[in-house]
Amino acid sequence: MKVDVLLGLQWGDEGKGKIVDVLTPKYDIIGRFQGGPNAGHTLEFNGIKHVLRTIPSGIFHDKSINIIGNGVVIDPIVLMAEIDALVKMGVDVKSKLLLSTKAHLILPTHRLLDAASEAAKGKEKIGSTLKGIGPTYMDKTGRNGLRIGDINSPNFKDKYNALVEKHKQLLSFHNFDYTLAEIEADWFKAIESLKILQQIESEHYINEAYKNNKAILAEGAQGSLLDIDFGSYPFVTSSNTICAGACTGLGIAPNRIGNVFGIFKAYCTRVGSGPFPTELFDETGDKIRNNGREFGSVTGRPRRTGWLDLPALKYAVMINGVTELMMMKADILSGFETIKVCTHYNYNGKQIDFLPYDCSPELLSPIYKELKGWNQDLTGLHNVSEIPQALNEYIHFIEKEIGVPISIVSVGPDRTQTLMRKKELV
Ligand code: GDP
Ligand code: IMO
Ligand code: MG
């Protein structure tokens, strides 16, 4: 059975965690393939709301194994806090969570370097979550990083000290004040606690499972427009968030990828800096933010809001080879008389329908089509037959423009508030 991939098509926070949780009963293994605790994946069921940062979103289901893949960067302190919270809820984390020996470690000094780098950028800052993601991936590609497999080594502390010395030198260039001792003690305590978890060569484990016809779902973090290669560089994260990242982040060959589930919100949001062609600065933007509770699940920052951007969505669908779309938060658009969708851009006086290299607002402005809105509250719907006509027209319009079917329409944060347009998914 081929490996399915689920990922975000916009700037993150599309609702990936919710849909992974909904789809998990069909899968034996869920593997996170990139990113780290910059992610916040929210799940809601039985009146519980839970945010996962590093742990795959299949963890609440009894039968599935969850793997943190080699492409992920792990902060031991954050991961242990996640594990403690799950254990308190009665989740058997020890037998259901496996760590790749090749996943890189976020050191306390990586977080300091993230903060120093953002402070030095001033107005040009990325708006990073400051979790140490960029500096950790820099050490990975610079071939200096420490990995999960290293924590078993008798000279782990020496390796750690050598890397921290490098970081201290870098921090001295930034003239950045910091204290390390306390957080370092917590970090080593968390490293000791992590040793209770099973470490695996996850690429072997996953390929063996593939041979044995197990159903595997790869879970992405962030979104395609934050991808290090194809996102709005430099306002991006430091990993490949796209489908190809599932290959490198779990050790899955490209010809073993099956369905690619592309998650998008019925509108757009972005947290942090960088271009956002359809951003709204008016009451409509505020209404979307307030109705959609668009505040970051990791940092609490208000998310920037705007209408759906089809050229950007088309681009993400192309780069990922999306086979099925899943539209989230349709309920938040209830009560708008008209709904706008960006179909083209005005780019330097010309009409274009693709995402250009330079998306700065001086050059590029959205061209909208207006569609009829709907008034009904959607949060109580249980069946696609109850979808109001105007929403069906919105769905059909997007499907026609993008050329890929929308198989799920989500109408609320809870597991149960999920309308399946394609029944075989669960
Ligand atoms: P992720 O990072 O892609 O997993 O998404 P986040 O969890 O950061 O953000 C999505 C937010 O929207 C969370 O608070 C979810 O509980 C919530 N959510 C997901 N789907 C829906 C939906 O269809 N309707 C509403 N109202 N909220 C949703
Ligand atoms: P999930 O998985 C939304 C954004 C940050 C910043 C940029 C770089 O929950 O969708 P980083 O900390 O990676 O250096 O930040 O990327 N960002 C996210 N935005 N959802 C996320 O993850 C994000 N992870 C990073 O706000 O603009
Ligand atoms: Mg999130």
# chains A, B, ... in the order shown; residues from 1 in each chain; ligands from 1

call {"tool": "closest_atom_pairs", "arguments": {"of": "chain A", "to": "ligand 3", "cutoff": "10 Å", "atoms": "only C-alpha atoms and all ligand atoms", "output": "CSV"}}
result
residue,atom,partner,partner_atom_place_in_ligand_line,distance
A:Gly8,CA,ligand 3,1 (Mg),9.8
A:Trp11,CA,ligand 3,1 (Mg),9.6
A:Gly12,CA,ligand 3,1 (Mg),6.0
A:Asp13,CA,ligand 3,1 (Mg),3.8
A:Glu14,CA,ligand 3,1 (Mg),7.1
A:Gly15,CA,ligand 3,1 (Mg),7.0
A:Lys16,CA,ligand 3,1 (Mg),7.7
A:Gly17,CA,ligand 3,1 (Mg),7.8
A:Pro37,CA,ligand 3,1 (Mg),9.9
A:Asn38,CA,ligand 3,1 (Mg),8.2
A:Ala39,CA,ligand 3,1 (Mg),5.2
A:Gly40,CA,ligand 3,1 (Mg),3.9
A:His41,CA,ligand 3,1 (Mg),4.7
A:Thr42,CA,ligand 3,1 (Mg),6.8
A:Val51,CA,ligand 3,1 (Mg),8.4
A:Leu52,CA,ligand 3,1 (Mg),8.8
A:Arg53,CA,ligand 3,1 (Mg),8.4
A:Ala221,CA,ligand 3,1 (Mg),7.8
A:Gln222,CA,ligand 3,1 (Mg),7.0
A:Gly223,CA,ligand 3,1 (Mg),9.4
A:Val271,CA,ligand 3,1 (Mg),10.0
A:Phe295,CA,ligand 3,1 (Mg),9.8
A:Gly296,CA,ligand 3,1 (Mg),7.0
A:Ser297,CA,ligand 3,1 (Mg),5.9
A:Val298,CA,ligand 3,1 (Mg),7.2
A:Thr299,CA,ligand 3,1 (Mg),10.0

call {"tool": "residues_around", "arguments": {"residues": "Asp75 (chain A)", "least_positions_apart": "6", "cutoff": "8 Å", "atoms": "only C-alpha atoms", "output": "ChimeraX atom specification"}}
result
/A:36-37,105-107

call {"tool": "closest_residue", "arguments": {"among": "A:Leu325, A:Ala116, A:Leu363, A:Leu378", "to": "ligand 1", "atoms": "only C-alpha atoms and all ligand atoms"}}
result
A:Leu378

call {"tool": "residues_around", "arguments": {"residues": "Gln351 (chain A)", "least_positions_apart": "2", "cutoff": "10 Å", "atoms": "only C-alpha atoms", "output": "VMD selection string"}}
result
chain A and resid 344 to 349 353 to 354 364 to 367

call {"tool": "atom_distance", "arguments": {"atom1": "atom 27 (O, counted along the ligand's line) of ligand 2", "atom2": "CA of Thr248 (chain A)"}}
result
22.8 Å

call {"tool": "select_by_dssp", "arguments": {"residues": "region 85-222 of chain A", "states": "alpha helix (DSSP H)", "output": "ChimeraX atom specification"}}
result
/A:85-88,93-96,108-121,133-141,156-174,181-194,202-211

call {"tool": "residues_around", "arguments": {"residues": "Ser64 (chain A)", "least_positions_apart": "2", "cutoff": "8 Å", "atoms": "only C-alpha atoms", "output": "VMD selection string"}}
result
chain A and resid 24 to 25 27 to 30 58 to 59 61 to 62 66 96

call {"tool": "write_last_selection", "arguments": {"atoms": "C-alpha atoms", "output": "tab-separated table (two decimals), in the first residue's frame"}}
result
chain	number	residue	atom	x	y	z
A	24	THR	CA	-5.90	7.92	11.70
A	25	PRO	CA	-8.30	4.97	12.21
A	27	TYR	CA	-3.69	4.01	9.20
A	28	ASP	CA	-1.23	1.79	11.06
A	29	ILE	CA	1.54	4.39	11.19
A	30	ILE	CA	1.56	8.20	11.31
A	58	GLY	CA	-2.41	10.06	15.49
A	59	ILE	CA	-1.33	9.65	19.13
A	61	HIS	CA	-5.82	6.41	18.67
A	62	ASP	CA	-5.03	3.09	20.32
A	66	ASN	CA	3.45	7.41	15.72
A	96	LYS	CA	3.05	4.19	20.64

call {"tool": "residues_around", "arguments": {"residues": "region 305-316 of chain A", "least_positions_apart": "6", "cutoff": "6 Å", "atoms": "only C-alpha atoms", "output": "VMD selection string"}}
result
chain A and resid 9 224 267 to 269 278 to 280 285 341 to 343 353 to 355 402

call {"tool": "residues_around", "arguments": {"residues": "Ile228 (chain A)", "least_positions_apart": "4", "cutoff": "8 Å", "atoms": "only C-alpha atoms", "output": "ChimeraX atom specification"}}
result
/A:233-234,236-241

call {"tool": "select_by_dssp", "arguments": {"residues": "region 287-355 of chain A", "states": "strand (DSSP E)", "output": "PyMOL selection string"}}
result
chain A and resi 304-306+308-309+324-328+338-347+350-352

call {"tool": "write_last_selection", "arguments": {"atoms": "C-alpha atoms", "output": "compact mmCIF listing (two decimals), in the first residue's frame"}}
result
# COMPACT_ATOMS: atom_id res chain seq x y z
CA ARG A 304 -3.24 38.05 9.60
CA THR A 305 -6.40 37.25 7.62
CA GLY A 306 -7.59 37.52 4.00
CA LEU A 308 -8.84 32.72 -0.47
CA ASP A 309 -6.00 33.10 -2.98
CA GLU A 324 -7.38 15.51 -2.91
CA LEU A 325 -8.22 18.80 -1.31
CA MET A 326 -9.68 19.27 2.16
CA MET A 327 -11.33 22.58 2.94
CA MET A 328 -11.27 23.73 6.56
CA THR A 338 -20.63 38.06 -0.48
CA ILE A 339 -17.43 36.06 -0.39
CA LYS A 340 -14.47 37.14 -2.46
CA VAL A 341 -11.97 34.79 -4.07
CA CYS A 342 -8.76 35.99 -5.71
CA THR A 343 -8.57 34.43 -9.18
CA HIS A 344 -5.77 36.56 -10.72
CA TYR A 345 -3.29 39.21 -9.76
CA ASN A 346 -2.62 42.59 -11.27
CA TYR A 347 1.17 42.44 -11.56
CA LYS A 350 -0.57 43.03 -16.33
CA GLN A 351 -3.15 40.38 -15.37
CA ILE A 352 -1.50 37.10 -14.34
